[in-house]
Structures are given as C-alpha cells and as structure tokens.
Amino acid sequence: MNNIIHAPARPLSLNEALQILKREPDTIILGGGTYSFSGKTYNMSERFPRPQIMSLDRIEELRRISRTERYLELGATVVLQRILQLGVNILPHPLYDCLKAISSPGLRQLATIGGTCMVPESSLGIGIVLSCLDASVELRRAGGSRKIPAARLYGSGKAIQDGELITRIRIPDLPLTHSVYELFGGPYDRSSHPLGICGTATVDKSSIESIQFVTADANQTIIRNRELETDIAGEKVPLTDKELQSFQERWEKTLHVYNLSRIQVERGKRSFLRFLYNLGK
Amino acid sequence: MILSFLLNGAPIQVEAYPHQDLMTTLRDECGITSIRRGSIQQNSGLSMILIDGLPLPSVMLPSFRAEGCDILTYEGIINSDEHREILQSFERSNIIINPLVLPTLILMTYWLITENRKIEEHEVRELLGEIACRGGVTSRILTAVQQAHNFRRMRIQHE
C-alpha cells in the first residue's frame, strides 16, 4: 500500500465542498462513483501521488427533490432509483424510460443524476432526454452560480469551468401529449452504430403546438434542428404525405452534417418519420 | 485509511486505499471470496452484497463508503435456515447453476425472500438477471425463488 495517501474528503455542506475544490482544483469528484469505479476508468488516475477524492454523498442539499407547478428540480446527487420511484405520473415519459433502461437496480441505487450527466457516453441517454425536455443545469462555484442548458454539457467546448460543481437539474413541466425515447445499439460497441433518439410534442385540437426532436451518438454533440421544429409547430395533424416527406428530407440533411454512419442516419430518419406519423394518432 | 464497519454481523477494522473499490478490499483484506469482478464490461452482478439491507454492486462502490455500514455477504448467510431453504428449492426445481454465480444468486434470493414486501416478478427478473448466466432468469429460477419464500413462511409459522 502506498505511503502517500490522501484520505477522501466527504464534506457535509456545499460550501465546504466548493472550498475544497477551490483549494485542490484537480480533485476527483464522486457522486455515486459508479463510472469512476467501473472497469472503463479503473484506478482513475495514473498520477502519483493520486489526486484527492471528494465524495458528495453526505451533502444533504444535493439530495433534495423539489417540484412546483412549473418545474421539477433534482439535486445532483439524487440517485437514479429514487428518481424512478417518483413514478411515471410525475416524471416525463422519456426520462422515466431512459432511467429505467440504465443498467440494473443495484447500480441505479448508487448512480446519481449529476454523475450520469457527466458520463461522456450519456449523450445518447440522459443527454438527449434532458436536451429534449429543455432542462437546465445549475453550476455553483465558490462565490457564484450560473445556469446553462443541459445540451451544453455535451457540446464541443468545455461547459463546466474549473472549480464548478453541478448542483441542480431543473426540468420544466411541459404538457406533453406525445413522446418517444429509443436507444439503438450499445454506447461501448461502435459496431452496433449506437444512436439515441428522443422526441416530445404537444398536440392540441389537431394542431401541433410544439415539437422537440433530438438525437445523438455516444460522446458527440446533441443533434437538433430548431428551425425545423418551428416550421412543424402549427401544422395540422395528421400530416400529409408531402409534408412528411419534406420534413424527413430536411431532418436527413441535418443528420448528414454530423459524422454519423449510414445506418445511424437511416435510424434517425426513420424514427423521426415514425414520430411525426404517430402525432396524428 | 482505516475503515470500521460490520461485516456479517461482526465489527471489523481494515486498512483500505481510498481509490480502491469495496470488492477488492473485501476480497483482499477480509477474505470474502464469494464476490468477484464480472468478465463483461459494466457487469457488476457477481459483486453484489447487501449494504444496510440494500443490494449493491461492491465493485462500483468506493471502499470508504463502507465506513459505519452493515455489510452482509454470502459467507454471512451460509449457516442460516434461509440458505438451506434456498438450496433445497433450487435442487427441487432442477436448476443447474454455474458455481461461480451461485453465491451471489443465493444472496440475492435471500434478500428477496427476507424483504417484508411484495416483490414484483419484473423486479426479480431485473435483480437476478444480471447474475444468472446465459440462460437469463428462467421460469424455473422464478419458481425456485417463490418456493424458497414459501418454505421460509411455513417455517416461521411453525415457530
């Protein structure tokens, strides 16, 4: 056993955690620790002496769930199983389906929502769902806080600055009438052409009030065409064959901009068409 | 760092490395050999233990999280009546189980039958699904779990 060992920090308050992070910026932050301790990143760091670990499991503030008429707010270290226990009446359908599809109940008892968002492969799971639901993420640092859209976590730039922590995830309570969440392939197997798909829509009196449709590959930017969404909103359902074809072609063009395989493009295209078709049912 | 926790009912103190997972600590420092790392990535079923009454994969848990916890492993239930009843029901159902998988499967079945609530079939399938080998959770395994539950209930009623 090594002689130079930092005992893990287990702060009891958020301020304490932020101070530690300010003092030691390269601290390894653990929510549930499931990703860091999974085979993929076993041992976490080759640096010697190893950086200090900070576990957020004792911070009460980060384990809170609150709900108002307008949104659902989840603390960053709320475990996935506890979110699932809220049930499908409180959780948006795609979020429920996505969390249910994450591994086993044992792992869901450990994995936290904040940690899950930070897993690179989660762009095709929780990433697309939060982006589709227009969720926002609260980031705190010593002496300040800010909110960013969840989709920015999966962008090309660095969304979280040094010394910042994810503290809350806010999901707007939208009156959704249609939703879809699908995951093709496995995030760790490139040969399965992984692709995540999430769509939500509100249809009222045979008219599409709003629609969101996003897709993503593992470790990649979230793909969304807001212009197309705006054009579809306001259309009457069921959509005509001509409209369906036109929207599908525009979506296909969007997919071609990104570095997706032919199979992924085909999957994305067909899922989009199926979703549009189902809006009329 | 020194960790103190209850292991199979006995208080224990072990030295553990903070970056190490709990499974490694339990295997190397406490001689718990019934748990192991799964061969398939993200497969943590073979490392399941009961921590404060909850089934959790020890391979994904940092060692320091064990501080002050009550940990139960397969070694802790070997001499229990439930263990005998589970084995009996597995034998009656003619299930052939990989010996590497058996300890975790028995421990999880122990948890299922001692939980004082109704556990739905899908929960059983989900929990045992990660442990049971290739064949998945067959109806025979489900029957065996149900039978073990009945054996235990009958014994408690007699007592």
# chains A, B, ... in the order shown; residues from 1 in each chain; ligands from 1
call {"tool": "interface_residues", "arguments": {"of": "chain A", "to": "chain B", "cutoff": "6 Å", "atoms": "only C-alpha atoms", "output": "ChimeraX atom specification"}}
result
/A:34,37-38,106
call {"tool": "write_last_selection", "arguments": {"atoms": "all heavy atoms", "output": "PDB file, in the first residue's frame"}}
result
ATOM      1  N   THR A  34     -19.982   5.291  -9.645  1.00  0.00           N
ATOM      2  CA  THR A  34     -20.151   4.087 -10.464  1.00  0.00           C
ATOM      3  C   THR A  34     -19.326   4.127 -11.744  1.00  0.00           C
ATOM      4  O   THR A  34     -18.808   3.104 -12.171  1.00  0.00           O
ATOM      5  CB  THR A  34     -21.631   3.870 -10.830  1.00  0.00           C
ATOM      6  OG1 THR A  34     -22.125   5.078 -11.379  1.00  0.00           O
ATOM      7  CG2 THR A  34     -22.452   3.492  -9.627  1.00  0.00           C
ATOM      8  N   PHE A  37     -15.509   3.919 -10.891  1.00  0.00           N
ATOM      9  CA  PHE A  37     -15.098   2.606 -10.409  1.00  0.00           C
ATOM     10  C   PHE A  37     -15.488   1.477 -11.362  1.00  0.00           C
ATOM     11  O   PHE A  37     -15.291   0.320 -11.043  1.00  0.00           O
ATOM     12  CB  PHE A  37     -15.668   2.350  -9.009  1.00  0.00           C
ATOM     13  CG  PHE A  37     -14.871   3.041  -7.943  1.00  0.00           C
ATOM     14  CD1 PHE A  37     -15.104   4.365  -7.643  1.00  0.00           C
ATOM     15  CD2 PHE A  37     -13.862   2.378  -7.273  1.00  0.00           C
ATOM     16  CE1 PHE A  37     -14.354   5.020  -6.674  1.00  0.00           C
ATOM     17  CE2 PHE A  37     -13.104   3.026  -6.313  1.00  0.00           C
ATOM     18  CZ  PHE A  37     -13.345   4.349  -6.006  1.00  0.00           C
ATOM     19  N   SER A  38     -16.080   1.839 -12.505  1.00  0.00           N
ATOM     20  CA  SER A  38     -16.398   0.786 -13.476  1.00  0.00           C
ATOM     21  C   SER A  38     -15.090   0.405 -14.174  1.00  0.00           C
ATOM     22  O   SER A  38     -14.115   1.143 -14.124  1.00  0.00           O
ATOM     23  CB  SER A  38     -17.416   1.294 -14.509  1.00  0.00           C
ATOM     24  OG  SER A  38     -16.813   2.265 -15.320  1.00  0.00           O
ATOM     25  N   GLY A 106     -29.308  -2.394  -8.813  1.00  0.00           N
ATOM     26  CA  GLY A 106     -28.185  -2.201  -7.891  1.00  0.00           C
ATOM     27  C   GLY A 106     -27.369  -0.976  -8.258  1.00  0.00           C
ATOM     28  O   GLY A 106     -27.042  -0.145  -7.421  1.00  0.00           O
TER      29      GLY A 106
END
call {"tool": "residues_around", "arguments": {"residues": "segment 147-152 of chain B", "least_positions_apart": "6", "cutoff": "8 Å", "atoms": "only C-alpha atoms", "output": "JSON list (two decimals) with C-alpha atoms, in the first residue's frame"}}
result
[["chain", "number", "residue", "atom", "x", "y", "z"],
["B", 82, "GLU", "CA", -32.87, -19.43, 4.66],
["B", 85, "GLU", "CA", -34.29, -23.48, 2.18],
["B", 86, "ILE", "CA", -32.94, -21.71, -0.91],
["B", 88, "GLN", "CA", -33.47, -27.05, -1.23],
["B", 89, "SER", "CA", -35.79, -25.12, -3.54],
["B", 113, "ILE", "CA", -37.37, -13.67, 0.47]]
call {"tool": "atom_distance", "arguments": {"atom1": "atom CA of Ile263 of chain A", "atom2": "atom CA of Tyr35 of chain A"}}
result
28.4 Å
call {"tool": "residues_around", "arguments": {"residues": "Ile95 of chain B", "least_positions_apart": "3", "cutoff": "10 Å", "atoms": "only C-alpha atoms", "output": "ChimeraX atom specification"}}
result
/B:89-92,98,138,140-141,144
call {"tool": "select_by_dssp", "arguments": {"residues": "segment 1-158 of chain B", "states": "alpha helix (DSSP H)", "output": "PyMOL selection string"}}
result
chain B and resi 22-30+81-92+102-114+121-129+139-158
call {"tool": "residues_around", "arguments": {"residues": "Leu84 of chain A", "least_positions_apart": "5", "cutoff": "9 Å", "atoms": "only C-alpha atoms", "output": "PyMOL selection string"}}
result
chain A and resi 79+91+95-96+99-100
call {"tool": "write_last_selection", "arguments": {"atoms": "C-alpha atoms", "output": "mmCIF file, in the first residue's frame"}}
result
data_model
loop_
_atom_site.group_PDB
_atom_site.id
_atom_site.type_symbol
_atom_site.label_atom_id
_atom_site.label_comp_id
_atom_site.auth_asym_id
_atom_site.auth_seq_id
_atom_site.Cartn_x
_atom_site.Cartn_y
_atom_site.Cartn_z
ATOM 1 C CA VAL A 79 -29.769 8.510 -7.079
ATOM 2 C CA LEU A 91 -41.575 12.205 -14.393
ATOM 3 C CA LEU A 95 -36.919 10.497 -18.667
ATOM 4 C CA TYR A 96 -38.631 7.564 -16.978
ATOM 5 C CA LEU A 99 -33.607 5.900 -16.405
ATOM 6 C CA LYS A 100 -35.324 2.523 -16.474
#
call {"tool": "residues_around", "arguments": {"residues": "Cys69 of chain B", "least_positions_apart": "4", "cutoff": "10 Å", "atoms": "only C-alpha atoms", "output": "PyMOL selection string"}}
result
chain B and resi 3-7+11+50-53+65
call {"tool": "write_last_selection", "arguments": {"atoms": "C-alpha atoms", "output": "PDB file, in the first residue's frame"}}
result
ATOM      1  CA  LEU B   3     -12.313   1.648   7.872  1.00  0.00           C
ATOM      2  CA  SER B   4     -14.657   0.335  10.555  1.00  0.00           C
ATOM      3  CA  PHE B   5     -17.839  -1.485   9.636  1.00  0.00           C
ATOM      4  CA  LEU B   6     -19.958  -4.501  10.439  1.00  0.00           C
ATOM      5  CA  LEU B   7     -19.174  -7.480   8.236  1.00  0.00           C
ATOM      6  CA  PRO B  11     -17.376  -5.442  13.833  1.00  0.00           C
ATOM      7  CA  LEU B  50     -26.109  -6.269   0.976  1.00  0.00           C
ATOM      8  CA  ILE B  51     -25.170  -2.896   2.434  1.00  0.00           C
ATOM      9  CA  ASP B  52     -27.521  -1.671   5.133  1.00  0.00           C
ATOM     10  CA  GLY B  53     -30.091  -4.075   3.691  1.00  0.00           C
ATOM     11  CA  ARG B  65     -18.372   4.294   1.592  1.00  0.00           C
TER      12      ARG B  65
END
call {"tool": "residues_around", "arguments": {"residues": "segment 273-281 of chain A", "least_positions_apart": "4", "cutoff": "7 Å", "atoms": "only C-alpha atoms", "output": "compact mmCIF listing (two decimals) with N, CA and C atoms, in the first residue's frame"}}
result
# COMPACT_ATOMS: atom_id res chain seq x y z
N HIS A 178 -47.27 13.66 -26.65
CA HIS A 178 -46.57 12.59 -27.36
C HIS A 178 -45.10 12.60 -26.98
N VAL A 237 -52.55 17.99 -37.72
CA VAL A 237 -52.30 16.54 -37.81
C VAL A 237 -53.59 15.84 -38.24
N PRO A 238 -53.54 14.71 -38.92
CA PRO A 238 -52.32 14.06 -39.40
C PRO A 238 -51.65 14.84 -40.54
N LEU A 239 -50.32 14.74 -40.55
CA LEU A 239 -49.56 15.43 -41.60
C LEU A 239 -49.75 14.71 -42.93
N LEU A 244 -44.81 15.13 -44.68
CA LEU A 244 -43.94 14.16 -44.01
C LEU A 244 -42.62 14.00 -44.75
N GLN A 248 -38.97 15.07 -43.42
CA GLN A 248 -37.97 13.99 -43.30
C GLN A 248 -36.69 14.32 -44.07
N LYS A 269 -33.53 8.93 -39.35
CA LYS A 269 -34.54 9.36 -40.32
C LYS A 269 -35.87 8.64 -40.10
call {"tool": "residues_around", "arguments": {"residues": "Asp173 of chain A", "least_positions_apart": "4", "cutoff": "8 Å", "atoms": "only C-alpha atoms", "output": "list in words"}}
result
Glu69, Arg70, Tyr71, Leu72 and Pro92 of chain A
call {"tool": "closest_residue", "arguments": {"among": "A:Lys147, A:Arg23, A:Arg63, A:His6", "to": "Arg82 of chain A", "atoms": "only C-alpha atoms"}}
result
A:Arg63
call {"tool": "closest_residue", "arguments": {"among": "A:Leu139, A:Ala218, A:Cys198, A:Ile90", "to": "Thr68 of chain A", "atoms": "only C-alpha atoms"}}
result
A:Ile90
call {"tool": "select_by_dssp", "arguments": {"residues": "segment 20-120 of chain B", "states": "strand (DSSP E or B)", "output": "ChimeraX atom specification"}}
result
/B:21,48-51,54-57,62,70-72
call {"tool": "atom_distance", "arguments": {"atom1": "atom CA of Ile131 of chain B", "atom2": "atom CA of Arg153 of chain B"}}
result
25.0 Å
